[in-house]
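Colleague: Pasting run-v5.txt below, which is compact mmCIF, C-alpha atoms.
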# COMPACT_ATOMS: atom_id res chain seq x y z
CA MET A 6 0.00 0.00 0.00
CA SER A 7 1.36 3.40 -0.90
CA PHE A 8 1.88 6.08 1.71
CA LYS A 9 -0.80 8.22 0.05
CA ALA A 10 -3.33 5.37 0.17
CA PHE A 11 -2.41 4.66 3.79
CA CYS A 12 -2.96 8.31 4.75
CA ARG A 13 -6.28 8.43 2.91
CA ARG A 14 -7.44 5.30 4.77
CA GLU A 15 -6.34 6.67 8.16
CA VAL A 16 -7.96 10.06 7.61
CA SER A 17 -11.16 8.32 6.55
CA ALA A 18 -11.09 6.03 9.60
CA LEU A 19 -10.64 9.00 11.93
CA GLY A 20 -13.38 11.02 10.30
CA ILE A 21 -11.02 13.95 9.81
CA PHE A 22 -11.84 16.38 7.00
CA GLY A 23 -14.97 14.44 6.25
CA ARG A 24 -18.31 13.81 7.78
CA ARG A 25 -18.29 13.78 11.50
CA ARG A 26 -18.85 10.32 12.91
CA GLN A 27 -22.03 9.86 14.84
CA PRO A 28 -21.63 9.03 18.51
CA GLN A 29 -22.38 5.45 19.46
CA ILE A 30 -25.19 5.15 21.98
CA SER A 31 -25.11 2.11 24.23
CA VAL A 32 -27.84 0.52 26.32
CA GLU A 33 -26.03 1.89 29.37
CA ASP A 34 -26.12 5.39 27.86
CA GLN A 35 -29.87 5.07 27.37
CA ALA A 36 -30.38 3.91 30.95
CA GLN A 37 -28.24 6.71 32.34
CA ALA A 38 -30.01 9.32 30.19
CA THR A 39 -33.41 8.03 31.34
CA ALA A 40 -32.37 8.25 35.00
CA LEU A 41 -31.01 11.78 34.55
CA LEU A 42 -34.15 12.87 32.69
CA LYS A 43 -36.20 11.62 35.66
CA ASN A 44 -33.89 13.62 37.93
CA TRP A 45 -34.54 16.67 35.71
CA GLU A 46 -38.29 16.08 36.10
CA ARG A 47 -37.93 15.97 39.91
CA ALA A 48 -35.65 19.03 39.92
CA GLN A 49 -38.44 21.13 38.41
CA SER A 50 -40.08 21.31 41.83
CA SER A 51 -36.89 22.58 43.48
CA SER A 52 -34.23 25.13 42.73
CA ASP A 53 -31.86 22.45 41.46
CA TRP A 54 -32.64 22.81 37.76
CA ARG A 55 -29.22 24.06 36.71
CA SER A 56 -27.32 21.17 38.31
CA ALA A 57 -29.77 18.68 36.78
CA ALA A 58 -29.14 20.25 33.34
CA GLN A 59 -25.38 20.12 33.99
CA ALA A 60 -25.61 16.39 34.75
CA LEU A 61 -27.43 15.86 31.45
CA ALA A 62 -24.82 17.93 29.59
CA ALA A 63 -22.09 15.75 31.08
CA LEU A 64 -23.49 12.82 29.07
CA GLY A 65 -23.04 14.58 25.75
CA ASP A 66 -23.60 17.62 23.59
CA TRP A 67 -26.69 18.37 21.55
CA GLU A 68 -25.51 16.05 18.75
CA TRP A 69 -25.21 13.19 21.25
CA TRP A 70 -28.75 13.88 22.49
CA LEU A 71 -30.03 13.98 18.91
CA GLN A 72 -28.42 10.61 18.26
CA LEU A 73 -29.97 9.23 21.46
CA THR A 74 -33.36 10.53 20.34
CA ARG A 75 -32.96 9.05 16.85
CA LYS A 76 -32.11 5.72 18.45
CA GLY A 77 -35.13 6.00 20.73
CA ARG A 78 -37.35 6.61 17.69
CA ALA A 79 -35.84 3.65 15.82
CA GLU A 80 -36.43 1.40 18.84
CA SER A 81 -39.95 2.72 19.51
CA ASN A 82 -38.80 4.05 22.89
CA TYR A 83 -41.54 6.69 22.97
CA LEU A 84 -40.99 7.56 26.60
CA LEU A 85 -37.34 8.46 26.00
CA VAL A 86 -38.15 10.50 22.87
CA GLY A 87 -40.88 12.38 24.72
CA GLN A 88 -38.73 13.04 27.77
CA VAL A 89 -35.91 14.43 25.63
CA ALA A 90 -38.38 16.62 23.72
CA CYS A 91 -39.69 18.03 27.00
CA PHE A 92 -36.21 18.59 28.38
CA VAL A 93 -34.93 20.36 25.26
CA THR A 94 -37.95 22.65 25.07
CA GLN A 95 -37.96 23.43 28.79
CA VAL A 96 -34.23 24.17 28.88
CA LYS A 97 -34.51 26.50 25.91
CA ALA A 98 -37.61 28.24 27.25
CA MET A 99 -36.09 28.71 30.70
CA GLY A 100 -32.76 29.96 29.41
CA PHE A 101 -30.77 27.32 31.28
CA ILE A 102 -28.55 26.57 28.32
CA ALA A 103 -26.08 29.19 29.50
CA GLY A 104 -24.07 27.72 32.33
CA SER A 105 -25.46 24.21 31.90
CA GLY A 106 -22.57 22.84 29.88
CA PHE A 107 -24.60 22.64 26.68
CA GLY A 108 -23.61 24.83 23.78
CA THR A 109 -26.08 26.99 21.93
CA LEU A 110 -29.17 25.14 20.75
CA SER A 111 -29.58 26.18 17.13
CA ALA A 112 -33.01 26.57 15.58
CA ASN A 113 -32.27 23.70 13.17
CA THR A 114 -31.25 21.37 16.00
CA HIS A 115 -34.34 22.24 18.05
CA ARG A 116 -36.51 21.68 14.97
CA GLU A 117 -34.92 18.25 14.46
CA PHE A 118 -35.68 17.29 18.08
CA ASP A 119 -39.28 18.35 17.47
CA GLN A 120 -39.52 16.47 14.17
CA ILE A 121 -38.27 13.27 15.81
CA ALA A 122 -40.83 13.75 18.60
CA VAL A 123 -43.66 14.25 16.10
CA ASP A 124 -42.58 11.20 14.08
CA ALA A 125 -42.12 8.89 17.05
CA LEU A 126 -44.98 10.05 19.26
CA SER A 127 -47.48 9.69 16.42
CA HIS A 128 -47.10 5.93 17.06
CA ALA A 129 -47.29 6.15 20.87
CA PRO A 130 -50.44 5.74 22.90
CA GLU A 131 -51.95 9.25 23.27
CA ASP A 132 -52.15 8.89 27.05
CA LEU A 133 -48.57 7.66 27.60
CA VAL A 134 -47.31 9.82 30.47
CA VAL A 135 -44.06 11.38 29.33
CA GLN A 136 -43.49 13.70 32.27
CA ASP A 137 -45.25 14.14 35.59
CA GLY A 138 -43.45 16.82 37.57
CA SER A 139 -44.14 20.27 38.88
CA ALA A 140 -44.62 21.41 35.26
CA GLY A 141 -47.67 19.16 35.27
CA ARG A 142 -48.54 15.86 33.67
CA LEU A 143 -47.62 15.71 30.00
CA ASP A 144 -48.78 12.87 27.79
CA ALA A 145 -47.43 11.77 24.41
CA GLY A 146 -50.29 13.40 22.50
CA THR A 147 -49.69 16.77 24.15
CA VAL A 148 -45.92 16.68 23.62
CA ARG A 149 -46.41 15.65 19.99
CA ASN A 150 -48.92 18.45 19.39
CA TRP A 151 -46.67 21.06 20.98
CA ALA A 152 -43.72 19.92 18.85
CA ALA A 153 -45.88 19.93 15.72
CA GLY A 154 -47.12 23.42 16.56
CA ARG A 155 -43.57 24.76 16.95
CA ILE A 156 -42.63 23.27 13.57
CA GLU A 157 -45.76 24.58 11.86
CA ASN A 158 -45.32 28.08 13.30
CA GLY A 159 -41.52 28.30 12.92
CA MET A 160 -40.99 28.74 16.64
CA HIS A 161 -37.39 27.63 16.81
Write out the structure in this file as structure tokens.

Modeller:
Amino acid sequence: MSFKAFCRREVSALGIFGRRRQPQISVEDQAQATALLKNWERAQSSSDWRSAAQALAALGDWEWWLQLTRKGRAESNYLLVGQVACFVTQVKAMGFIAGSGFGTLSANTHREFDQIAVDALSHAPEDLVVQDGSAGRLDAGTVRNWAAGRIENGMH
């Protein structure tokens, strides 16, 4: 193998100068994310929101969370998709992105989270409880409709 071919292969394997490789999401990652999302739900009734968001950011950046949500959709894990959709929307609405460890949530990224939620939750039972914290009880139908409304009205 020539040096040039070797370099091309290595650069390709590393993902340098090309498409960024998608993060691999394990079963353990999903379990940890689910536990931290439940912690986020509980933190809504206390003043501990920022540290709960920081714990979620420690798992990964927005791209990691998108990949987790895509995987949840592919595996029909409606609860996970709905919980992530709630988290993303609540964090953005509350302004907790700054200081949480997450970078800026772009409009396109937020729209993709919403699109995944609409796609996945259209197959979920309407009354599947996605979140039941101080923000109130949110079911799959409500979360789906909110996400669809944001897409339809360009609210990202």

Colleague: Fewer than 3 positions away in the same chain doesn't count, so skip those; otherwise give me all residues within 9 Å of Thr114 of chain A, counting only C-alpha atoms, as an MDAnalysis selection string.

Modeller: chainID A and resid 67:68 71 110:111 117:119 161

Colleague: Figure out the distance between atom CA of Asn82 of chain A and atom CA of Leu61 of chain A, please, to one decimal in Å.

Modeller: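 One can read the atom CA of Leu61 of chain A to atom CA of Asn82 of chain A distance as 18.5 Å.
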
Colleague: If we count all atoms listed in the file, what is near segment 48-51 of chain A at a cut-off of 10 Å, once residues fewer than 4 positions away on the same chain are taken out, given as a list in words?

Modeller: Leu42, Lys43, Asn44, Arg55, Ser56, Ala57, Ala58, Gln95, Gly138, Ser139, Ala140 and Gly141 of chain A

Colleague: To one decimal place, how far is atom CA of Arg155 of chain A from atom CA of Leu84 of chain A in Å?

Modeller: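 About the pair atom CA of Arg155 of chain A and atom CA of Leu84 of chain A: they are 19.9 Å apart.
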
Colleague: Quick one: pull the distance between atom CA of Gln37 of chain A and atom CA of Leu73 of chain A, Å, one decimal.

Modeller: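 Here the two named atoms are 11.3 Å from each other.
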
Colleague: List as a list in words the protein and nucleic acid residues near Ala152 of chain A, meaning an atom at most 8 Å away when all atoms listed in the file are counted, but skip any in the same chain fewer than 4 places from it.

Modeller: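 Counting only the stated atoms, we get Ala90, Asp119, Gln120, Ala122, Val123, Val148 and Ile156 of chain A.
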
Colleague: Of the residues A:Glu46, A:Asp66, A:Asp53, A:Glu33, which is the one nearest to Val135 of chain A, using only C-alpha atoms?

Modeller: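 Ranked by minimum distance to Val135 of chain A, first place goes to A:Glu46.
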
Colleague: Show which residues sit within 10 Å of Ala145 of chain A, as a list in words. Count only C-alpha atoms, and ignore same-chain residues fewer than 4 positions away.

Modeller: Tyr83, Leu84, Val86, Gly87, Gln88, Ala122, Val123, Ala125, Leu126, Ser127, His128, Ala129, Pro130, Glu131, Asp132, Leu133, Val134, Val135, Gln136, Arg149, Asn150 and Trp151 of chain A

Colleague: Take the residues that were just selected and, keeping C-alpha atoms, output them as a tab-separated table (two decimals), in the frame of the given file.

Modeller:
chain	number	residue	atom	x	y	z
A	83	TYR	CA	-41.54	6.69	22.97
A	84	LEU	CA	-40.99	7.56	26.60
A	86	VAL	CA	-38.15	10.50	22.87
A	87	GLY	CA	-40.88	12.38	24.72
A	88	GLN	CA	-38.73	13.04	27.77
A	122	ALA	CA	-40.83	13.75	18.60
A	123	VAL	CA	-43.66	14.25	16.10
A	125	ALA	CA	-42.12	8.89	17.05
A	126	LEU	CA	-44.98	10.05	19.26
A	127	SER	CA	-47.48	9.69	16.42
A	128	HIS	CA	-47.10	5.93	17.06
A	129	ALA	CA	-47.29	6.15	20.87
A	130	PRO	CA	-50.44	5.74	22.90
A	131	GLU	CA	-51.95	9.25	23.27
A	132	ASP	CA	-52.15	8.89	27.05
A	133	LEU	CA	-48.57	7.66	27.60
A	134	VAL	CA	-47.31	9.82	30.47
A	135	VAL	CA	-44.06	11.38	29.33
A	136	GLN	CA	-43.49	13.70	32.27
A	149	ARG	CA	-46.41	15.65	19.99
A	150	ASN	CA	-48.92	18.45	19.39
A	151	TRP	CA	-46.67	21.06	20.98

Colleague: Assuming 5 Å of padding per side, give the centre and edge lengths of the axis-aligned box around every listed atom of segment 138-157 of chain A, in Å to one decimal and as AutoDock Vina command-line options.

Modeller:
--center_x -46.5 --center_y 18.3 --center_z 25.4 --size_x 17.7 --size_y 23.0 --size_z 37.0

Colleague: Would you please work out which residue, of A:Ala153, A:Ala40, A:Ala63, A:Thr94, is nearest to Ile121 of chain A when using all atoms listed in the file?

Modeller: A:Ala153
